[in-house]
Amino acid sequence: MSNHLQLSFVNFKKGAYIMMEGREDTDRFFIIRQGKVRIFKKVEVVAEGRGNILGPGDFFGVITAMSSHNHIETAQALTDSVLISVRKDQYVALIQNNTPVAMKIILQFSQRMRYLDEVLTRLTLKNLAEDHPAHLYDVGEYYAARNQYNQAYYAYHQYIMYCPQGEKVQTARGQMMKMAPYVNGLQFSFGPEESTRSYGRDTMIFSEAEPGDELYIIRKGAVKIVKIVDNQEVLLAVLKEGDIFGEMALLESKLRSASAVAYEDCELLAINRINFERMVGTQPQIIARLTTLLSERIWFIYKQLANTLIKNPLGRMYDALLIQLEKNRVSMKNFGRYTFDFGPQELLNMVGLSGTEGNAVLWKLLENRRINVLEDKLQVEDISEIQRQTEYYRKLQGFEKARHAADRRA
Ligand code: CMP
């Protein structure tokens, strides 16, 4: 990677397209120097606060450049514009030379991620988790009812700490006493110098709804990110060595948006706010990594959001499979067999189907002779089949939309 920042200026005439949704030319992103740029998607899934007209100082294309996925948006110059073009391998140099821009990017990403997480849970599960430390008590109750004492004990403990006047404090204490004999390895506070932390499998690292001013880098092991919505534990992600989490509460000074639980024994490096600000200047590669991770998460969540809009449930299943192929960077040019790392039940969860409806759609999917289940994992004989089917349902939906529009005009 180059340490010298060589930025190039690019001019675009009014009306010119700067990037196109779906294309893969994603080795650079742009910062606007002069002019106005409009950003839009084929299907606008959610209204976004930032608006879709950008001006000087704003940036775009970072998500796809840093995650190396195809473009999720189109950008068009609304006026004659001058843009600063940054190649993605120059991002580290950009951070070194211009810390405020890097901070602005990750802060905006964190806010976008929080917003999109909320929209997605609202669309798929209807009910939003509460954004108040009193919600810690509900987290405790959820795990206590399932005999997951480590998690329950931790959440009750934090509830008492952050809501000492809370009306459930006595009950929480009683619960903690009952489960104390079954709890092991929990840690509640660390000295400021203790930046390396070890957690045994199934220990809560932090709970959703508690304040937090540290982020973590996984040195060893794996961590799962979960959230309780509508009395169900939703698995948001399983993170591995080298991954970073807990940045959202730190960057935005808000409550933890989800819980982190050790999925295996793990070792973490904890970074508090002061060290984080110092690192931005001294270890820009970590900030670059954080931007990449946030970009990948945002890319994935956009795809999931667009998936919820597909009306035909079988079409939604094919699209969910295609997203997984894209996420795992499976080349579509390769026509071979592919085994997914999940089975039919997980696929049903992904598209929000269950019960008899779910089974009926699954049955239809498996009627396709190119799709099988092998040792509880889905397998496709030829990956181009997934792309073909997804295209078919996208077209079908396009036709239906056009027909409805025509019916309304008639
Ligand atoms: P924070 O809100 O501090 O605490 C929970 C963390 O989980 C959050 O920061 C992110 O690091 C991470 N997180 C939240 N939502 C997701 C998601 N959809 N996918 C992966 N990680 C997430």
# chains A, B, ... in the order shown; residues from 1 in each chain; ligands from 1

call {"tool": "residues_near_ligand", "arguments": {"ligand": "ligand 1", "cutoff": "8 Å", "atoms": "only C-alpha atoms and all ligand atoms", "output": "PyMOL selection string"}}
result
chain A and resi 113-114+117+206+208+212-215+225-226+236-239+244-250+254-260+297-298+301

call {"tool": "residues_around", "arguments": {"residues": "A:Asp89", "least_positions_apart": "5", "cutoff": "12 Å", "atoms": "only C-alpha atoms", "output": "number ranges by chain"}}
result
A: 1-7, 26-29, 65-66, 68, 94-95, 285, 288-289, 292

call {"tool": "residues_around", "arguments": {"residues": "A:Tyr137", "least_positions_apart": "6", "cutoff": "7 Å", "atoms": "only C-alpha atoms", "output": "list in words"}}
result
Ala155, Tyr156 and Tyr159 of chain A

call {"tool": "residues_around", "arguments": {"residues": "A:Ser189", "least_positions_apart": "6", "cutoff": "12 Å", "atoms": "only C-alpha atoms", "output": "ChimeraX atom specification"}}
result
/A:154,157-158,161,195,197,205-206,212

call {"tool": "write_last_selection", "arguments": {"atoms": "C-alpha atoms", "output": "PDB file, in the first residue's frame"}}
result
ATOM      1  CA  TYR A 154     -25.013 -10.611  33.401  1.00  0.00           C
ATOM      2  CA  HIS A 157     -26.417  -7.293  37.034  1.00  0.00           C
ATOM      3  CA  GLN A 158     -26.131  -4.512  34.459  1.00  0.00           C
ATOM      4  CA  MET A 161     -26.089  -1.010  37.849  1.00  0.00           C
ATOM      5  CA  SER A 195      -6.779  -4.188  27.302  1.00  0.00           C
ATOM      6  CA  ARG A 197      -9.611  -9.852  27.756  1.00  0.00           C
ATOM      7  CA  ILE A 205     -19.202  -9.726  26.705  1.00  0.00           C
ATOM      8  CA  PHE A 206     -21.841  -7.006  26.777  1.00  0.00           C
ATOM      9  CA  GLY A 212     -20.497   1.148  26.216  1.00  0.00           C
TER      10      GLY A 212
END

call {"tool": "select_by_dssp", "arguments": {"residues": "stretch 95-258 of chain A", "states": "strand (DSSP E)", "output": "PyMOL selection string"}}
result
chain A and resi 196-199+204-206+214-220+223-229+232-239+244-245

call {"tool": "write_last_selection", "arguments": {"atoms": "C-alpha atoms", "output": "PDB file, in the first residue's frame"}}
result
ATOM      1  CA  THR A 196      -6.547  -7.929  26.630  1.00  0.00           C
ATOM      2  CA  ARG A 197      -9.611  -9.852  27.756  1.00  0.00           C
ATOM      3  CA  SER A 198     -10.347 -13.557  27.798  1.00  0.00           C
ATOM      4  CA  TYR A 199     -13.878 -14.923  27.775  1.00  0.00           C
ATOM      5  CA  MET A 204     -21.690 -12.375  27.761  1.00  0.00           C
ATOM      6  CA  ILE A 205     -19.202  -9.726  26.705  1.00  0.00           C
ATOM      7  CA  PHE A 206     -21.841  -7.006  26.777  1.00  0.00           C
ATOM      8  CA  GLU A 214     -15.063   0.395  24.167  1.00  0.00           C
ATOM      9  CA  LEU A 215     -14.765  -1.462  20.917  1.00  0.00           C
ATOM     10  CA  TYR A 216     -13.145  -4.857  20.522  1.00  0.00           C
ATOM     11  CA  ILE A 217     -10.865  -6.580  18.072  1.00  0.00           C
ATOM     12  CA  ILE A 218     -11.058 -10.367  18.116  1.00  0.00           C
ATOM     13  CA  ARG A 219      -7.601 -11.826  18.631  1.00  0.00           C
ATOM     14  CA  LYS A 220      -8.687 -15.445  18.946  1.00  0.00           C
ATOM     15  CA  VAL A 223     -18.157 -13.962  18.986  1.00  0.00           C
ATOM     16  CA  LYS A 224     -21.841 -13.986  18.137  1.00  0.00           C
ATOM     17  CA  ILE A 225     -23.909 -10.850  17.851  1.00  0.00           C
ATOM     18  CA  VAL A 226     -27.516 -11.391  18.905  1.00  0.00           C
ATOM     19  CA  LYS A 227     -30.553  -9.320  19.668  1.00  0.00           C
ATOM     20  CA  ILE A 228     -33.858 -10.094  21.348  1.00  0.00           C
ATOM     21  CA  VAL A 229     -36.788  -8.992  19.260  1.00  0.00           C
ATOM     22  CA  GLN A 232     -36.901 -14.291  19.915  1.00  0.00           C
ATOM     23  CA  GLU A 233     -33.130 -14.285  19.843  1.00  0.00           C
ATOM     24  CA  VAL A 234     -32.074 -13.113  16.386  1.00  0.00           C
ATOM     25  CA  LEU A 235     -28.566 -14.019  15.253  1.00  0.00           C
ATOM     26  CA  LEU A 236     -27.115 -10.998  13.462  1.00  0.00           C
ATOM     27  CA  ALA A 237     -23.618 -12.302  12.851  1.00  0.00           C
ATOM     28  CA  VAL A 238     -20.854 -14.651  13.911  1.00  0.00           C
ATOM     29  CA  LEU A 239     -17.565 -12.761  13.995  1.00  0.00           C
ATOM     30  CA  ILE A 244     -14.101  -5.634  15.081  1.00  0.00           C
ATOM     31  CA  PHE A 245     -17.314  -5.056  17.015  1.00  0.00           C
TER      32      PHE A 245
END

call {"tool": "residues_around", "arguments": {"residues": "A:Val351", "least_positions_apart": "4", "cutoff": "8 Å", "atoms": "only C-alpha atoms", "output": "PyMOL selection string"}}
result
chain A and resi 307-308+313+316-317+320+347

call {"tool": "write_last_selection", "arguments": {"atoms": "all heavy atoms", "output": "tab-separated table (two decimals), in the first residue's frame"}}
result
chain	number	residue	atom	x	y	z
A	307	ASN	N	-34.52	-7.84	-0.38
A	307	ASN	CA	-35.12	-9.17	-0.41
A	307	ASN	C	-36.52	-9.18	0.19
A	307	ASN	O	-37.42	-9.85	-0.32
A	307	ASN	CB	-34.20	-10.15	0.35
A	307	ASN	CG	-34.74	-11.56	0.37
A	307	ASN	OD1	-35.56	-11.91	1.21
A	307	ASN	ND2	-34.30	-12.38	-0.57
A	308	THR	N	-36.73	-8.39	1.26
A	308	THR	CA	-38.04	-8.40	1.92
A	308	THR	C	-39.13	-7.86	0.99
A	308	THR	O	-40.31	-8.06	1.23
A	308	THR	CB	-38.05	-7.57	3.21
A	308	THR	OG1	-37.84	-6.20	2.86
A	308	THR	CG2	-37.01	-8.02	4.21
A	313	PRO	N	-42.79	-15.80	-2.46
A	313	PRO	CA	-41.89	-16.39	-1.44
A	313	PRO	C	-40.79	-17.28	-2.03
A	313	PRO	O	-39.68	-17.30	-1.51
A	313	PRO	CB	-42.83	-17.20	-0.54
A	313	PRO	CG	-44.15	-17.23	-1.21
A	313	PRO	CD	-44.20	-16.17	-2.25
A	316	ARG	N	-38.21	-15.02	-3.24
A	316	ARG	CA	-37.44	-14.49	-2.11
A	316	ARG	C	-36.35	-15.50	-1.70
A	316	ARG	O	-35.24	-15.13	-1.35
A	316	ARG	CB	-38.40	-14.23	-0.96
A	316	ARG	CG	-38.05	-13.01	-0.17
A	316	ARG	CD	-39.24	-12.35	0.45
A	316	ARG	NE	-39.90	-13.17	1.44
A	316	ARG	CZ	-41.22	-13.36	1.49
A	316	ARG	NH1	-42.01	-12.79	0.62
A	316	ARG	NH2	-41.75	-14.10	2.43
A	317	MET	N	-36.69	-16.79	-1.76
A	317	MET	CA	-35.71	-17.82	-1.39
A	317	MET	C	-34.53	-17.84	-2.36
A	317	MET	O	-33.38	-17.89	-1.94
A	317	MET	CB	-36.36	-19.19	-1.41
A	317	MET	CG	-37.04	-19.52	-0.13
A	317	MET	SD	-37.44	-21.26	-0.13
A	317	MET	CE	-38.14	-21.39	1.49
A	320	ALA	N	-32.39	-14.89	-1.73
A	320	ALA	CA	-31.59	-15.04	-0.50
A	320	ALA	C	-30.36	-15.91	-0.77
A	320	ALA	O	-29.27	-15.65	-0.26
A	320	ALA	CB	-32.44	-15.63	0.62
A	347	LEU	N	-32.66	-21.16	5.89
A	347	LEU	CA	-33.14	-20.42	4.72
A	347	LEU	C	-34.54	-19.87	4.99
A	347	LEU	O	-34.85	-18.71	4.67
A	347	LEU	CB	-33.13	-21.31	3.47
A	347	LEU	CG	-33.61	-20.63	2.19
A	347	LEU	CD1	-32.71	-19.47	1.80
A	347	LEU	CD2	-33.69	-21.62	1.03

call {"tool": "closest_residue", "arguments": {"among": "A:Val169, A:Ser384, A:Asp376, A:Ile310", "to": "A:Arg337", "atoms": "only C-alpha atoms"}}
result
A:Ser384

call {"tool": "select_by_dssp", "arguments": {"residues": "stretch 128-293 of chain A", "states": "helix (DSSP H, G or I)", "output": "PyMOL selection string"}}
result
chain A and resi 135-145+149-162+169-182+247-252+273-282+284-293

call {"tool": "residues_around", "arguments": {"residues": "A:Val330", "least_positions_apart": "5", "cutoff": "12 Å", "atoms": "only C-alpha atoms", "output": "MDAnalysis selection string"}}
result
chainID A and resid 69 321:325 335:340 382:384 386:387

call {"tool": "residues_around", "arguments": {"residues": "A:Ala16", "least_positions_apart": "3", "cutoff": "12 Å", "atoms": "only C-alpha atoms", "output": "list of chain:residue names"}}
result
A:Asn11, A:Phe12, A:Lys13, A:Met19, A:Met20, A:Lys36, A:Val37, A:Arg38, A:Thr74, A:Ala75, A:Gln76, A:Ala77, A:Leu78, A:Thr79, A:Asp80, A:Ser81, A:Val82

call {"tool": "atom_distance", "arguments": {"atom1": "atom CA of A:Gln175", "atom2": "atom CA of A:Ala152"}}
result
8.9 Å

call {"tool": "atom_distance", "arguments": {"atom1": "atom CA of A:Val86", "atom2": "atom CA of A:Asn328"}}
result
25.4 Å

call {"tool": "atom_distance", "arguments": {"atom1": "atom CA of A:Glu210", "atom2": "atom CA of A:Tyr142"}}
result
15.8 Å
